[in-house]
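All remarks here apply to the structure that follows.
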Amino acid sequence: MPERQDERNTASAVYIHGHHESVLRSHGRRRAADSAAYLLPSLEPHHRILDIGCGPGSITADLAALVPHGRVTGLDAAPGVLATARATARERGVSNTDFTVGDVRALDFPDGSFDVVHAHQVLQYLDDPVAALREMRRVCRPGGIVAVRDVVYTAMTWYPRVPGLEDWQRLYVDVARAGGGEPDAGSRLLSWARRAGLTDVTATAGAWCWTGAEQRAWWSGLWADRTRSDPYARHAIEGGHTDRAGLEAIAAAWHEWGRHEDAWFSVLHGELLCRVN
């Protein structure tokens, strides 16, 4: 697939998933161990952390438990999801958290406010990820860390090769790019960081893997529901990328994949640890 680094949609990007139950079902299952393992060895008990795009707070609460003498601020552009994030923190018994509405492109914090600025699966949805990284760098203290992790959709792979899932992958990439985002953000992170002026950068990769009866049922059911649900379904249809029958066929393909006892699905992520100079 051709490189689109300089061909991004210049319109303001949209969050094509929204906060449908199936989306929160996915985000709420994430933990620091499976989504921020590359960052965890760098954390210290006193650190002040900004968790951008915190969603329902499942990663945020884990980070707070790892910095018992510090504090974690969860930030999200969607006010509604923050009630879930606050409930997650209460349920986990962490009190060193606070949550606020904000925009990564214009963070309402003074320069150098945080020891760590973290964003998991955020840059892929932005029309200007380089500007976002500059802003993340601004609110991170000298010597602190900007940490980002994003998926590479075209590098996802699975078995068995149910044909409808190839349709899903192509459709998702088309809808995401039409919305102004970059679904292969994980492979662009290093380039974006350098353009943002971050020079002390460690680039790695990580993966999720879904297999076994419980995991394949959860993953396939999740994506079948997300494919049918607004706002993703609306963007797909109104953008002329598919029709309702096409979405239903893709959802059926997800369920077919999930019925295979030997089903396996892997998701590749790019990761960056950027030390602020």
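Numbering starts fresh at 1 for the residues of each chain in the structure tokens, the chains themselves are lettered A, B, ... in the order given, and ligands are numbered from 1 as they appear.
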
Using DSSP secondary structure from the backbone, list all strand (DSSP E or B) positions within stretch 32-242 of chain A, as a ChimeraX atom specification. /A:48-52,71-76,97-101,114-120,140-151,157-159,200-211

Would you mind listing, for every residue of stretch 106-153 of chain A within 7 Å of stretch 261-274 of chain A, the two atoms forming the shortest contact and the distance between them in Å to one decimal, using only C-alpha atoms, sorted by chain and ascending residue number, as CSV?
residue,atom,partner,partner_atom,distance
A:Ile145,CA,A:Cys274,CA,5.4
A:Val146,CA,A:Cys274,CA,5.0
A:Ala147,CA,A:Leu273,CA,4.8
A:Val148,CA,A:Leu272,CA,5.4
A:Arg149,CA,A:Glu271,CA,4.4
A:Asp150,CA,A:His269,CA,5.3
A:Val151,CA,A:His269,CA,4.2
A:Val152,CA,A:Leu268,CA,5.8

Just want the 7 Å neighbourhood of A:Val94, counted on only C-alpha atoms, with same-chain residues fewer than 5 positions away dropped. Output as a list in words.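 Neighbouring residues, sequence-local ones excluded: Ala61, Ala64, Ala65 and Ala89 of chain A.
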
Can you build me a table of stretch 102-122 of chain A residues sitting at most 12 Å from stretch 186-198 of chain A, with the closest atom pair per residue and its distance in Å to one decimal, using only C-alpha atoms, sorted by chain and residue number, as JSON lines?
{"residue": "A:Ala119", "atom": "CA", "partner": "A:Leu189", "partner_atom": "CA", "distance": 11.8}
{"residue": "A:His120", "atom": "CA", "partner": "A:Gly186", "partner_atom": "CA", "distance": 10.5}
{"residue": "A:Gln121", "atom": "CA", "partner": "A:Gly186", "partner_atom": "CA", "distance": 8.8}
{"residue": "A:Val122", "atom": "CA", "partner": "A:Gly186", "partner_atom": "CA", "distance": 10.4}

If you run DSSP on the backbone, which residues of stretch 76-177 of chain A are helix (DSSP H, G or I), as a ChimeraX atom specification? /A:81-92,123-125,129-138,153-155,163-177

Which residues, written as a PyMOL selection string, have at least one atom at most 10 Å from A:Gly53, with only C-alpha atoms counted and residues fewer than 6 positions away on the same chain left out? chain A and resi 60+74-78+101-104+118-123

Residue subset to file, keeping N, CA and C atoms, as a PDB file, in the first residue's frame:
ATOM      1  N   THR A  60      -5.307   4.254  32.728  1.00  0.00           N
ATOM      2  CA  THR A  60      -5.037   5.359  33.658  1.00  0.00           C
ATOM      3  C   THR A  60      -4.946   4.858  35.093  1.00  0.00           C
ATOM      4  N   GLY A  74      -6.050  11.987  33.703  1.00  0.00           N
ATOM      5  CA  GLY A  74      -6.615  11.410  32.497  1.00  0.00           C
ATOM      6  C   GLY A  74      -7.341  12.485  31.713  1.00  0.00           C
ATOM      7  N   LEU A  75      -7.056  12.566  30.424  1.00  0.00           N
ATOM      8  CA  LEU A  75      -7.647  13.592  29.569  1.00  0.00           C
ATOM      9  C   LEU A  75      -8.326  12.937  28.383  1.00  0.00           C
ATOM     10  N   ASP A  76      -9.537  13.378  28.073  1.00  0.00           N
ATOM     11  CA  ASP A  76     -10.242  12.870  26.902  1.00  0.00           C
ATOM     12  C   ASP A  76     -11.065  13.997  26.298  1.00  0.00           C
ATOM     13  N   ALA A  77     -11.264  13.928  24.988  1.00  0.00           N
ATOM     14  CA  ALA A  77     -12.055  14.941  24.299  1.00  0.00           C
ATOM     15  C   ALA A  77     -13.547  14.746  24.497  1.00  0.00           C
ATOM     16  N   ALA A  78     -13.969  13.561  24.944  1.00  0.00           N
ATOM     17  CA  ALA A  78     -15.391  13.236  25.107  1.00  0.00           C
ATOM     18  C   ALA A  78     -15.770  13.308  26.577  1.00  0.00           C
ATOM     19  N   VAL A 101     -11.592  17.185  30.568  1.00  0.00           N
ATOM     20  CA  VAL A 101     -11.821  17.258  29.125  1.00  0.00           C
ATOM     21  C   VAL A 101     -10.742  18.130  28.507  1.00  0.00           C
ATOM     22  N   GLY A 102     -10.215  17.715  27.362  1.00  0.00           N
ATOM     23  CA  GLY A 102      -9.191  18.512  26.707  1.00  0.00           C
ATOM     24  C   GLY A 102      -8.887  18.031  25.311  1.00  0.00           C
ATOM     25  N   ASP A 103      -8.092  18.817  24.621  1.00  0.00           N
ATOM     26  CA  ASP A 103      -7.708  18.575  23.235  1.00  0.00           C
ATOM     27  C   ASP A 103      -6.190  18.493  23.173  1.00  0.00           C
ATOM     28  N   VAL A 104      -5.661  17.383  22.698  1.00  0.00           N
ATOM     29  CA  VAL A 104      -4.211  17.202  22.639  1.00  0.00           C
ATOM     30  C   VAL A 104      -3.547  18.258  21.766  1.00  0.00           C
ATOM     31  N   HIS A 118       1.622  10.494  28.076  1.00  0.00           N
ATOM     32  CA  HIS A 118       1.363   9.198  27.450  1.00  0.00           C
ATOM     33  C   HIS A 118       0.108   9.258  26.583  1.00  0.00           C
ATOM     34  N   ALA A 119       0.152   8.625  25.424  1.00  0.00           N
ATOM     35  CA  ALA A 119      -1.024   8.534  24.554  1.00  0.00           C
ATOM     36  C   ALA A 119      -1.054   7.161  23.907  1.00  0.00           C
ATOM     37  N   HIS A 120      -2.117   6.428  24.166  1.00  0.00           N
ATOM     38  CA  HIS A 120      -2.276   5.091  23.590  1.00  0.00           C
ATOM     39  C   HIS A 120      -3.404   5.112  22.566  1.00  0.00           C
ATOM     40  N   GLN A 121      -3.082   4.795  21.311  1.00  0.00           N
ATOM     41  CA  GLN A 121      -4.068   4.745  20.225  1.00  0.00           C
ATOM     42  C   GLN A 121      -4.794   6.086  20.081  1.00  0.00           C
ATOM     43  N   VAL A 122      -4.025   7.164  19.990  1.00  0.00           N
ATOM     44  CA  VAL A 122      -4.595   8.506  19.837  1.00  0.00           C
ATOM     45  C   VAL A 122      -4.162   9.148  18.520  1.00  0.00           C
ATOM     46  N   LEU A 123      -2.884   9.098  18.208  1.00  0.00           N
ATOM     47  CA  LEU A 123      -2.369   9.846  17.052  1.00  0.00           C
ATOM     48  C   LEU A 123      -2.983   9.381  15.742  1.00  0.00           C
TER      49      LEU A 123
END

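The residue set within 9 Å of stretch 170-173 of chain A, counting only C-alpha atoms and dropping same-chain residues fewer than 6 places from it, reads Tyr153, Thr154, Glu182, Pro183, Asp184, Ala236, His241 and Thr242 of chain A.
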
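Candidate residues A:Gly57, A:Pro160, A:Pro79, A:Gly112 were compared for distance to A:Glu91, and the nearest is A:Gly57, using only C-alpha atoms.
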
Give me, as a list of chain:residue names, all polymer residues having an atom no more than 10 Å from A:Gln215, counting only C-alpha atoms and skipping those fewer than 4 positions away in the same chain. A:Cys209, A:Trp210, A:Thr211, A:Trp219, A:Ser220, A:Gly221, A:Gly258, A:Ala263, A:Trp264, A:Phe265

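Relative to atom CA of A:Gln124, atom CA of A:His255 is found at 26.4 Å.
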
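Counting only C-alpha atoms, A:Phe114 has the following residues at most 8 Å away, ignoring those fewer than 3 positions along the same chain: His47, Arg48, Ile49, Leu50, Val117, Val139, Cys140, Arg141 and Gly144 of chain A.
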
Report, in Å to a single decimal, how far apart atom CA of A:Ser95 and atom CA of A:Ser42 are. 21.6 Å

Pairwise distance for atom CA of A:Ala106 and atom CA of A:Gly180, rounded to one decimal in Å: 18.2 Å
